[in-house]
Amino acid sequence: MNNKFKGIKKFVFETSVIIIGISISFWLSNLQAKSDDYNMEVEILEAIEVNIDEIQKYLDNRRETLDADNHLMDYLSIHWDDLNLDSIVEVLQYGTHMKAFHNVFLDYREFHPPVSEITSIIGDGSISLISNRDIKIQLISLIDNSYDFVNQNVNSEIELQQSFRNQLVQEDSYDISRILETTQNEMAQRVSGEVDNREKILAELKAITKLRAAKNYLNLKIRQRFWVMLFYNNFERSLNTLDEMVDKELKSIR
């Protein structure tokens, strides 16, 4: 009987040890998983913080270019019928890529902020490791709303510009043909501003200001640019809000 009782005690003890061991193992595994999730969350938030800085630098540079565009377009629109061509030529000669005839009438400004890190975090599911719900909502809103609205309006401006280019191609005018005529080398020189292009710029201005369609196009572009800048500003504000949220969260969990 004693042997039987001892056997039961031994069985109960060994079973208890096994159960306790399994429980401890589960607890340690759970603790390790939480630690891994915490480390991953910190890494993700830090990656977002770095990406925000990259996007902000892009926005600062792009804003400078767009503002230069806007000032030039507004001036041309206001003074279209009494332009001081000589003074405009000087501005365009040294405007490099910031203030250029071709960027107003022939080419277009695209919008490609480096949002790949944030879109990747959303796309591959890493966003689920972020514990702060408000940050997750802000991330998705930044890309799906703020960024998308800028893109839609930039694309509308590009379509407008392409439509005007197509109209210029159809013009049976030697002066307009001279505007479109260029080479890779000339384009590079005009961007750099190192070569004197005053004569050609003056000819371009004289030819384009004779076209009523050019004035109409310019004013439509100004209207569209207003919406581009509106949503551009919204995107930047949304980015700044995200930056503040991520910075606050990192300080609280580090």
# chains A, B, ... in the order shown; residues from 1 in each chain; ligands from 1

call {"tool": "residues_around", "arguments": {"residues": "Glu117 in chain A", "least_positions_apart": "3", "cutoff": "12 Å", "atoms": "only C-alpha atoms", "output": "PyMOL selection string"}}
result
chain A and resi 44-55+113-114+120-124+126-127+139+143

call {"tool": "write_last_selection", "arguments": {"atoms": "C-alpha atoms", "output": "compact mmCIF listing (two decimals), in the first residue's frame"}}
result
# COMPACT_ATOMS: atom_id res chain seq x y z
CA ILE A 44 9.19 50.46 -37.32
CA LEU A 45 8.51 53.80 -35.61
CA GLU A 46 12.15 54.81 -36.03
CA ALA A 47 11.98 53.88 -39.73
CA ILE A 48 8.85 56.02 -40.09
CA GLU A 49 10.61 58.90 -38.35
CA VAL A 50 13.53 58.69 -40.79
CA ASN A 51 11.16 58.48 -43.76
CA ILE A 52 9.24 61.53 -42.54
CA ASP A 53 12.48 63.54 -42.51
CA GLU A 54 13.22 62.41 -46.09
CA ILE A 55 9.74 63.36 -47.26
CA PRO A 113 8.00 62.22 -52.50
CA PRO A 114 9.95 59.22 -51.08
CA SER A 120 5.78 49.27 -47.43
CA ILE A 121 4.93 49.27 -43.71
CA ILE A 122 1.24 49.55 -44.60
CA GLY A 123 1.42 47.07 -47.46
CA ASP A 124 3.33 44.22 -45.79
CA SER A 126 4.05 45.67 -40.34
CA ILE A 127 1.62 48.40 -39.35
CA LEU A 139 -0.36 56.61 -41.53
CA ILE A 143 -1.10 57.87 -47.99

call {"tool": "residues_around", "arguments": {"residues": "Glu236 in chain A", "least_positions_apart": "4", "cutoff": "10 Å", "atoms": "only C-alpha atoms", "output": "PyMOL selection string"}}
result
chain A and resi 55-56+59-60+142+146-147+231-232+240-242

call {"tool": "closest_residue", "arguments": {"among": "A:Ile253, A:Ile137, A:Ala100, A:Val91", "to": "Glu43 in chain A", "atoms": "only C-alpha atoms"}}
result
A:Ile253

call {"tool": "closest_residue", "arguments": {"among": "A:Phe164, A:Tyr94, A:Tyr58, A:Phe111", "to": "Asn216 in chain A", "atoms": "only C-alpha atoms"}}
result
A:Phe164

call {"tool": "closest_residue", "arguments": {"among": "A:Leu66, A:Ile135, A:Leu76, A:Leu129", "to": "Glu249 in chain A", "atoms": "only C-alpha atoms"}}
result
A:Ile135

call {"tool": "residues_around", "arguments": {"residues": "Asp196 in chain A", "least_positions_apart": "5", "cutoff": "9 Å", "atoms": "only C-alpha atoms", "output": "list in words"}}
result
Gln93, Gln189 and Arg190 of chain A

call {"tool": "closest_residue", "arguments": {"among": "A:Asn132, A:Asn103, A:Ser141, A:Asn84", "to": "Gln162 in chain A", "atoms": "only C-alpha atoms"}}
result
A:Asn103

call {"tool": "closest_residue", "arguments": {"among": "A:Ala203, A:Met40, A:Lys99, A:Ile140", "to": "Thr119 in chain A", "atoms": "only C-alpha atoms"}}
result
A:Ile140

call {"tool": "closest_residue", "arguments": {"among": "A:Trp80, A:Tyr108, A:Phe235, A:Phe226", "to": "Leu205 in chain A", "atoms": "only C-alpha atoms"}}
result
A:Trp80

call {"tool": "select_by_dssp", "arguments": {"residues": "range 57-214 of chain A", "states": "helix (DSSP H, G or I)", "output": "ChimeraX atom specification"}}
result
/A:57-78,80-82,85-93,101-105,116-123,126-129,133-170,174-180,184-192,198-208,212-214

call {"tool": "atom_distance", "arguments": {"atom1": "CA of Arg62 in chain A", "atom2": "CA of Ala207 in chain A"}}
result
29.4 Å

call {"tool": "atom_distance", "arguments": {"atom1": "CA of Ile208 in chain A", "atom2": "CA of Ser87 in chain A"}}
result
16.2 Å

call {"tool": "residues_around", "arguments": {"residues": "range 155-157 of chain A", "least_positions_apart": "4", "cutoff": "12 Å", "atoms": "only C-alpha atoms", "output": "PDB file with C-alpha atoms, in the first residue's frame"}}
result
ATOM      1  CA  VAL A 104       5.466  76.993 -67.805  1.00  0.00           C
ATOM      2  CA  PHE A 105       4.357  76.194 -71.344  1.00  0.00           C
ATOM      3  CA  ASP A 107       6.974  70.620 -69.650  1.00  0.00           C
ATOM      4  CA  TYR A 108       5.400  69.794 -66.310  1.00  0.00           C
ATOM      5  CA  ARG A 109       6.188  69.308 -62.646  1.00  0.00           C
ATOM      6  CA  GLU A 110       5.725  65.830 -61.223  1.00  0.00           C
ATOM      7  CA  PHE A 111       5.309  64.847 -57.578  1.00  0.00           C
ATOM      8  CA  HIS A 112       7.321  61.914 -56.238  1.00  0.00           C
ATOM      9  CA  ASP A 148      -3.496  60.624 -53.163  1.00  0.00           C
ATOM     10  CA  PHE A 149      -5.292  63.989 -53.397  1.00  0.00           C
ATOM     11  CA  VAL A 150      -2.027  65.742 -54.318  1.00  0.00           C
ATOM     12  CA  ASN A 151      -1.288  63.112 -56.954  1.00  0.00           C
ATOM     13  CA  GLN A 161      -0.156  70.622 -70.071  1.00  0.00           C
ATOM     14  CA  GLN A 162      -0.075  67.641 -72.433  1.00  0.00           C
ATOM     15  CA  SER A 163      -3.275  68.844 -74.065  1.00  0.00           C
ATOM     16  CA  PHE A 164      -1.709  72.248 -74.723  1.00  0.00           C
ATOM     17  CA  TYR A 217      -4.032  77.579 -70.986  1.00  0.00           C
ATOM     18  CA  LEU A 218      -1.916  79.610 -68.550  1.00  0.00           C
ATOM     19  CA  ASN A 219      -4.977  80.714 -66.583  1.00  0.00           C
ATOM     20  CA  LEU A 220      -6.351  77.172 -66.473  1.00  0.00           C
ATOM     21  CA  LYS A 221      -2.985  75.975 -65.208  1.00  0.00           C
ATOM     22  CA  ILE A 222      -2.999  78.643 -62.492  1.00  0.00           C
ATOM     23  CA  ARG A 223      -6.458  77.456 -61.429  1.00  0.00           C
ATOM     24  CA  GLN A 224      -5.301  73.851 -61.300  1.00  0.00           C
ATOM     25  CA  ARG A 225      -2.093  74.788 -59.488  1.00  0.00           C
ATOM     26  CA  PHE A 226      -4.216  76.388 -56.760  1.00  0.00           C
ATOM     27  CA  TRP A 227      -5.703  72.957 -55.981  1.00  0.00           C
ATOM     28  CA  VAL A 228      -2.312  71.301 -56.229  1.00  0.00           C
ATOM     29  CA  MET A 229      -0.947  73.686 -53.601  1.00  0.00           C
TER      30      MET A 229
END

call {"tool": "residues_around", "arguments": {"residues": "Leu180 in chain A", "least_positions_apart": "3", "cutoff": "10 Å", "atoms": "only C-alpha atoms", "output": "number ranges by chain"}}
result
A: 102, 106, 165, 168-169, 175-177, 183, 204

call {"tool": "write_last_selection", "arguments": {"atoms": "C-alpha atoms", "output": "PDB file, in the first residue's frame"}}
result
ATOM      1  CA  HIS A 102       9.558  75.376 -70.983  1.00  0.00           C
ATOM      2  CA  LEU A 106       5.885  72.902 -72.475  1.00  0.00           C
ATOM      3  CA  ARG A 165       1.432  70.607 -76.110  1.00  0.00           C
ATOM      4  CA  LEU A 168       1.032  73.433 -80.273  1.00  0.00           C
ATOM      5  CA  VAL A 169       2.023  70.450 -82.411  1.00  0.00           C
ATOM      6  CA  ASP A 175       7.377  80.622 -84.891  1.00  0.00           C
ATOM      7  CA  ILE A 176       5.702  77.854 -82.877  1.00  0.00           C
ATOM      8  CA  SER A 177       7.906  75.259 -84.560  1.00  0.00           C
ATOM      9  CA  THR A 183      18.371  69.464 -78.520  1.00  0.00           C
ATOM     10  CA  GLU A 204       9.606  82.225 -77.690  1.00  0.00           C
TER      11      GLU A 204
END

call {"tool": "atom_distance", "arguments": {"atom1": "CA of Glu194 in chain A", "atom2": "CA of Lys57 in chain A"}}
result
26.8 Å

call {"tool": "decode", "arguments": {"residues": "range 144-184 of chain A", "atoms": "N, CA and C atoms", "output": "compact mmCIF listing (two decimals), in the first residue's frame"}}
result
# COMPACT_ATOMS: atom_id res chain seq x y z
N ASP A 144 -3.45 57.26 -48.23
CA ASP A 144 -4.69 57.03 -48.99
C ASP A 144 -5.49 58.30 -49.24
N ASN A 145 -5.31 59.31 -48.41
CA ASN A 145 -6.06 60.55 -48.59
C ASN A 145 -5.16 61.71 -49.01
N SER A 146 -4.34 62.18 -48.08
CA SER A 146 -3.54 63.39 -48.34
C SER A 146 -2.64 63.25 -49.56
N TYR A 147 -1.85 62.17 -49.62
CA TYR A 147 -0.92 61.96 -50.73
C TYR A 147 -1.68 61.73 -52.04
N ASP A 148 -2.74 60.95 -51.96
CA ASP A 148 -3.50 60.62 -53.16
C ASP A 148 -4.16 61.87 -53.75
N PHE A 149 -4.66 62.76 -52.90
CA PHE A 149 -5.29 63.99 -53.40
C PHE A 149 -4.29 64.87 -54.14
N VAL A 150 -3.06 64.96 -53.62
CA VAL A 150 -2.03 65.74 -54.32
C VAL A 150 -1.76 65.12 -55.68
N ASN A 151 -1.59 63.81 -55.70
CA ASN A 151 -1.29 63.11 -56.95
C ASN A 151 -2.38 63.32 -58.00
N GLN A 152 -3.62 63.20 -57.58
CA GLN A 152 -4.73 63.37 -58.51
C GLN A 152 -4.70 64.76 -59.16
N ASN A 153 -4.44 65.77 -58.37
CA ASN A 153 -4.43 67.14 -58.90
C ASN A 153 -3.19 67.44 -59.72
N VAL A 154 -2.05 66.86 -59.33
CA VAL A 154 -0.83 67.00 -60.15
C VAL A 154 -1.06 66.34 -61.50
N ASN A 155 -1.67 65.16 -61.50
CA ASN A 155 -1.94 64.46 -62.76
C ASN A 155 -2.90 65.25 -63.64
N SER A 156 -3.86 65.92 -63.02
CA SER A 156 -4.79 66.76 -63.80
C SER A 156 -4.04 67.92 -64.45
N GLU A 157 -3.08 68.49 -63.72
CA GLU A 157 -2.27 69.57 -64.29
C GLU A 157 -1.41 69.05 -65.44
N ILE A 158 -0.86 67.86 -65.28
CA ILE A 158 -0.04 67.26 -66.34
C ILE A 158 -0.89 67.02 -67.59
N GLU A 159 -2.10 66.52 -67.40
CA GLU A 159 -3.00 66.28 -68.54
C GLU A 159 -3.32 67.58 -69.27
N LEU A 160 -3.51 68.65 -68.50
CA LEU A 160 -3.76 69.96 -69.10
C LEU A 160 -2.56 70.41 -69.93
N GLN A 161 -1.38 70.22 -69.37
CA GLN A 161 -0.16 70.62 -70.07
C GLN A 161 0.04 69.80 -71.35
N GLN A 162 -0.22 68.50 -71.26
CA GLN A 162 -0.08 67.64 -72.43
C GLN A 162 -1.07 68.02 -73.52
N SER A 163 -2.26 68.41 -73.10
CA SER A 163 -3.27 68.84 -74.06
C SER A 163 -2.81 70.09 -74.81
N PHE A 164 -2.21 71.02 -74.08
CA PHE A 164 -1.71 72.25 -74.72
C PHE A 164 -0.54 71.93 -75.65
N ARG A 165 0.31 71.02 -75.25
CA ARG A 165 1.43 70.61 -76.11
C ARG A 165 0.91 70.03 -77.42
N ASN A 166 -0.12 69.21 -77.32
CA ASN A 166 -0.71 68.62 -78.52
C ASN A 166 -1.28 69.70 -79.44
N GLN A 167 -1.83 70.74 -78.83
CA GLN A 167 -2.37 71.85 -79.62
C GLN A 167 -1.24 72.59 -80.33
N LEU A 168 -0.12 72.76 -79.65
CA LEU A 168 1.03 73.43 -80.27
C LEU A 168 1.56 72.63 -81.46
N VAL A 169 1.55 71.32 -81.32
CA VAL A 169 2.02 70.45 -82.41
C VAL A 169 1.18 70.66 -83.67
N GLN A 170 -0.11 70.94 -83.48
CA GLN A 170 -1.02 71.11 -84.61
C GLN A 170 -0.94 72.51 -85.25
N GLU A 171 -0.26 73.44 -84.56
CA GLU A 171 -0.18 74.81 -85.08
C GLU A 171 0.68 74.87 -86.34
N ASP A 172 0.12 75.45 -87.39
CA ASP A 172 0.86 75.60 -88.65
C ASP A 172 1.57 76.96 -88.63
N SER A 173 2.61 77.02 -87.79
CA SER A 173 3.30 78.29 -87.60
C SER A 173 4.79 78.04 -87.44
N TYR A 174 5.58 78.78 -88.21
CA TYR A 174 7.03 78.64 -88.13
C TYR A 174 7.53 79.06 -86.75
N ASP A 175 6.94 80.13 -86.21
CA ASP A 175 7.38 80.62 -84.89
C ASP A 175 7.14 79.58 -83.80
N ILE A 176 6.00 78.90 -83.87
CA ILE A 176 5.70 77.85 -82.88
C ILE A 176 6.64 76.67 -83.06
N SER A 177 6.95 76.34 -84.30
CA SER A 177 7.91 75.26 -84.56
C SER A 177 9.26 75.58 -83.95
N ARG A 178 9.63 76.84 -84.00
CA ARG A 178 10.91 77.27 -83.42
C ARG A 178 10.90 77.12 -81.89
N ILE A 179 9.72 77.33 -81.29
CA ILE A 179 9.61 77.15 -79.84
C ILE A 179 9.88 75.69 -79.47
N LEU A 180 9.32 74.78 -80.23
CA LEU A 180 9.43 73.35 -79.92
C LEU A 180 10.80 72.79 -80.28
N GLU A 181 11.49 73.46 -81.17
CA GLU A 181 12.78 72.98 -81.66
C GLU A 181 13.85 73.06 -80.56
N THR A 182 14.54 71.95 -80.30
CA THR A 182 15.58 71.95 -79.27
C THR A 182 16.47 70.73 -79.42
N THR A 183 17.49 70.64 -78.59
CA THR A 183 18.37 69.46 -78.52
C THR A 183 18.61 69.14 -77.05
N GLN A 184 19.15 67.96 -76.79
CA GLN A 184 19.48 67.57 -75.42
C GLN A 184 20.49 68.55 -74.82
